[in-house]
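Data block below; observations after.
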Amino acid sequence: MRADIVPGGVFPDYALPDQTNTVRTLGELQGHDPMILILARGNYCPKDHQQHLELARFYPKIQVAYTRIVTVSTDDHHTLQEMRASVGAEWTFLSDPGRIIQKDLDIAEYTDPENDPMIPHTLVLKPGLVVHTVYNGYWFWGRPTVDDLWHDLRTASREVRPDWDLSVPGLREAWTAGDLSHFHGWDRRSPEQVAAAGGRVEVRRAPAGAGSAAPPAAHAGS
C-alpha cells in the first residue's frame, strides 16, 4: 500500500463506473458522512463473499447510522453485478477492470498472476476521504469484524460529529440562538424546512453572496 495511505492521510478521489455503469467519485458517494471502503478481489474469491455476506447483514445498522459503504473490485461490469446480487448487497459497487487503483496504490496481488487482483483492503474514512483505519485483508483474519468496524465508526463519528454529545456546553445555547451549524442535518435545511419540521429557532443566514450555495436538505438527528 502506498506510503501516504495511513491514518490522517487523504484517500484519492477515484472516479469509476458503478453497477449501473454510471461513473461515480468516492467523494460524491461519501458526502458528509463516514464511509467503509472495501477494495476487493472480486466475485471469484470466497473470502470476499464471506466478508460481504457479513456486511450485508450489518447494512441496516450502517444505514441508520448515517454511514456510507462502497465496494471496489477489478471485476468487469457484469461480474460486478453478479457479485453484488449474490451477496445481497444494497450499496454501491464500483468496477475497476483497468486496475487504476491497484496500480496507483501499489497493491497488486503478485501471488495471483492469473486473476491479477488488488490485495484486499478495508478502510474506514472520515468525511473528506480522510483515512481513519486501514485493514490488510490478504489473509482473511486481517479483515475487520463487524465489532471492529463498530468501534472504528464510533471513534470516527465522535471526532467528526459536533453534536455527538448534546450535553456539551454551548450546544444548547447555539441551538437556541439559531446557529444550526453544529447539528447534523439541520445545518443543511432552509428556515422554511426547519419551521415545517417544528423547529422553533431563527436560523442564522450567511450574508448575501457569502460562501457557496446552501447544500440540499438532509435528515436530522444521529
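Residue numbers start at 1 in each chain; chains themselves are named A, B, ... in the order of the C-alpha cells; ligands are numbered from 1 in the order shown.
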All alpha helix (DSSP H) positions in region 97-128 of chain A, as a PyMOL selection string: chain A and resi 100-105
Serialized selection, C-alpha atoms, as a short mmCIF file (atom, residue, chain, number, x, y, z; two decimals), in the first residue's frame:
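Output below, filename selection-v2.cif:
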```cif
data_model
loop_
_atom_site.label_atom_id
_atom_site.label_comp_id
_atom_site.auth_asym_id
_atom_site.auth_seq_id
_atom_site.Cartn_x
_atom_site.Cartn_y
_atom_site.Cartn_z
CA ILE A 100 -6.38 2.04 -11.80
CA ILE A 101 -6.47 1.74 -8.01
CA GLN A 102 -4.34 -1.39 -7.93
CA LYS A 103 -1.56 0.36 -9.83
CA ASP A 104 -1.87 3.76 -8.18
CA LEU A 105 -1.79 2.35 -4.64
#
```
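Near Ile38 (chain A), within a cut-off of 7 Å and counting only C-alpha atoms, sit the residues Ile36, Ala40, Val70, Thr71, Val72, His121, Thr122 and Leu123 of chain A, with same-chain residues fewer than 2 positions away left out.
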Got a sec: who's within 12 Å of Val87 (chain A), counting only C-alpha atoms, leaving out chain neighbours fewer than 6 positions off, as a list in words?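 Once the adjacent positions are removed, what remains is Gly42, Asn43, Pro46, Lys47, Asp48, His49, Gln50, Gln51, His52, Leu53, Glu54, Leu55, Ala56, Arg57, Tyr59, Leu80, Gln81 and Phe93 of chain A.
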Any chance you can output those residues with N, CA and C atoms as an mmCIF file, in the first residue's frame?
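Output saved as selection_24.cif:
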```
data_model
loop_
_atom_site.group_PDB
_atom_site.id
_atom_site.type_symbol
_atom_site.label_atom_id
_atom_site.label_comp_id
_atom_site.auth_asym_id
_atom_site.auth_seq_id
_atom_site.Cartn_x
_atom_site.Cartn_y
_atom_site.Cartn_z
ATOM 1 N N GLY A 42 -12.793 -9.692 -5.820
ATOM 2 C CA GLY A 42 -13.869 -9.827 -6.793
ATOM 3 C C GLY A 42 -14.681 -11.084 -6.611
ATOM 4 N N ASN A 43 -15.531 -11.345 -7.587
ATOM 5 C CA ASN A 43 -16.544 -12.384 -7.473
ATOM 6 C C ASN A 43 -15.957 -13.781 -7.317
ATOM 7 N N PRO A 46 -13.902 -16.575 -2.517
ATOM 8 C CA PRO A 46 -14.857 -16.939 -1.461
ATOM 9 C C PRO A 46 -14.685 -16.104 -0.188
ATOM 10 N N LYS A 47 -13.485 -15.625 0.068
ATOM 11 C CA LYS A 47 -13.268 -14.774 1.245
ATOM 12 C C LYS A 47 -14.014 -13.454 1.091
ATOM 13 N N ASP A 48 -13.990 -12.898 -0.117
ATOM 14 C CA ASP A 48 -14.747 -11.674 -0.368
ATOM 15 C C ASP A 48 -16.235 -11.901 -0.176
ATOM 16 N N HIS A 49 -16.710 -13.065 -0.619
ATOM 17 C CA HIS A 49 -18.139 -13.372 -0.440
ATOM 18 C C HIS A 49 -18.496 -13.423 1.038
ATOM 19 N N GLN A 50 -17.676 -14.094 1.831
ATOM 20 C CA GLN A 50 -17.971 -14.177 3.260
ATOM 21 C C GLN A 50 -17.958 -12.800 3.918
ATOM 22 N N GLN A 51 -16.981 -11.983 3.568
ATOM 23 C CA GLN A 51 -16.929 -10.636 4.145
ATOM 24 C C GLN A 51 -18.175 -9.836 3.753
ATOM 25 N N HIS A 52 -18.578 -9.928 2.501
ATOM 26 C CA HIS A 52 -19.715 -9.135 2.038
ATOM 27 C C HIS A 52 -21.051 -9.664 2.544
ATOM 28 N N LEU A 53 -21.158 -10.961 2.750
ATOM 29 C CA LEU A 53 -22.374 -11.503 3.373
ATOM 30 C C LEU A 53 -22.544 -10.946 4.784
ATOM 31 N N GLU A 54 -21.440 -10.847 5.522
ATOM 32 C CA GLU A 54 -21.492 -10.287 6.874
ATOM 33 C C GLU A 54 -21.851 -8.803 6.827
ATOM 34 N N LEU A 55 -21.274 -8.081 5.882
ATOM 35 C CA LEU A 55 -21.580 -6.657 5.747
ATOM 36 C C LEU A 55 -23.031 -6.439 5.328
ATOM 37 N N ALA A 56 -23.580 -7.338 4.500
ATOM 38 C CA ALA A 56 -24.982 -7.216 4.096
ATOM 39 C C ALA A 56 -25.913 -7.364 5.295
ATOM 40 N N ARG A 57 -25.542 -8.241 6.227
ATOM 41 C CA ARG A 57 -26.346 -8.377 7.450
ATOM 42 C C ARG A 57 -26.221 -7.141 8.343
ATOM 43 N N TYR A 59 -25.706 -4.112 7.195
ATOM 44 C CA TYR A 59 -26.055 -2.910 6.434
ATOM 45 C C TYR A 59 -27.219 -2.093 7.008
ATOM 46 N N LEU A 80 -19.332 -7.787 -11.737
ATOM 47 C CA LEU A 80 -19.592 -6.932 -10.573
ATOM 48 C C LEU A 80 -21.048 -7.041 -10.163
ATOM 49 N N GLN A 81 -21.953 -6.979 -11.127
ATOM 50 C CA GLN A 81 -23.383 -7.096 -10.837
ATOM 51 C C GLN A 81 -23.705 -8.448 -10.219
ATOM 52 N N PHE A 93 -21.339 -0.624 -5.749
ATOM 53 C CA PHE A 93 -20.132 -1.344 -6.163
ATOM 54 C C PHE A 93 -19.527 -0.594 -7.342
#
```
Which residue, A:Gly137, A:Pro34, A:Pro12, A:Pro120, has the smallest gap to Arg158 (chain A) when you use only C-alpha atoms? A:Pro34
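For region 58-180 of chain A, backbone-based DSSP labels the following residues as strand (DSSP E): Arg68, Ile69, Val70, Thr71, Val72, Ser73, Thr92, Phe93, Leu94, Ser95, His121, Thr122, Leu123, Val124, Leu125, Lys126, Val130, Val131, His132, Thr133, Val134, Tyr135 and Asn136 of chain A.
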Any idea what the distance is between CA of Ile5 (chain A) and CA of Asn115 (chain A)?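 Distance between the two atoms: 24.2 Å.
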Using only C-alpha atoms for the distances, tell me which of A:Arg172, A:Arg84, A:Leu180, A:Leu39 is nearest to Glu109 (chain A).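 For Glu109 (chain A), the nearest of the candidates is A:Leu39.
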Using only C-alpha atoms, which residue out of A:Leu153, A:Ile119, A:Leu94, A:Met35 lies closest to Tyr138 (chain A)? A:Ile119
Would you pick out the contacts of Asp33 (chain A) at 8 Å or less, using only C-alpha atoms, so that residues sharing its chain but fewer than 5 positions from it are not included, and give the list as a PyMOL selection string? chain A and resi 66-68+126-127
Quick one: everything within 12 Å of region 15-20 of chain A, counting only C-alpha atoms, minus sequence neighbours fewer than 5 positions away in the same chain. Send it as a tab-separated table (two decimals) with C-alpha atoms, in the first residue's frame.
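Result file is around_3.tsv:
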```tsv
chain	number	residue	atom	x	y	z
A	25	THR	CA	-16.46	9.54	-7.45
A	26	LEU	CA	-15.70	8.32	-3.95
A	27	GLY	CA	-16.16	11.85	-2.61
A	28	GLU	CA	-19.60	12.09	-4.17
A	29	LEU	CA	-20.60	8.74	-2.68
A	70	VAL	CA	-18.63	1.29	-1.13
A	71	THR	CA	-17.00	-1.80	-2.65
A	72	VAL	CA	-14.44	-1.60	-5.46
A	73	SER	CA	-13.22	-4.64	-7.36
A	74	THR	CA	-11.36	-5.38	-10.59
A	75	ASP	CA	-14.38	-7.29	-11.95
A	76	ASP	CA	-15.93	-6.23	-15.24
A	77	HIS	CA	-19.41	-4.71	-15.23
A	78	HIS	CA	-21.47	-7.90	-15.46
A	79	THR	CA	-19.33	-9.86	-12.99
A	80	LEU	CA	-19.59	-6.93	-10.57
A	81	GLN	CA	-23.38	-7.10	-10.84
A	82	GLU	CA	-23.31	-10.84	-10.21
A	83	MET	CA	-21.28	-10.48	-7.03
A	84	ARG	CA	-23.44	-7.63	-5.71
A	85	ALA	CA	-26.58	-9.69	-6.29
A	89	ALA	CA	-25.61	-6.01	-1.13
A	90	GLU	CA	-27.68	-2.82	-1.39
A	91	TRP	CA	-24.78	-0.39	-1.54
A	92	THR	CA	-22.69	0.89	-4.45
A	93	PHE	CA	-20.13	-1.34	-6.16
A	94	LEU	CA	-17.51	0.21	-8.43
A	95	SER	CA	-15.77	-1.60	-11.27
A	96	ASP	CA	-12.05	-1.12	-11.92
A	97	PRO	CA	-11.06	-3.68	-14.60
A	98	GLY	CA	-8.31	-1.32	-15.76
A	99	ARG	CA	-6.76	-1.70	-12.28
A	100	ILE	CA	-6.38	2.04	-11.80
A	101	ILE	CA	-6.47	1.74	-8.01
```
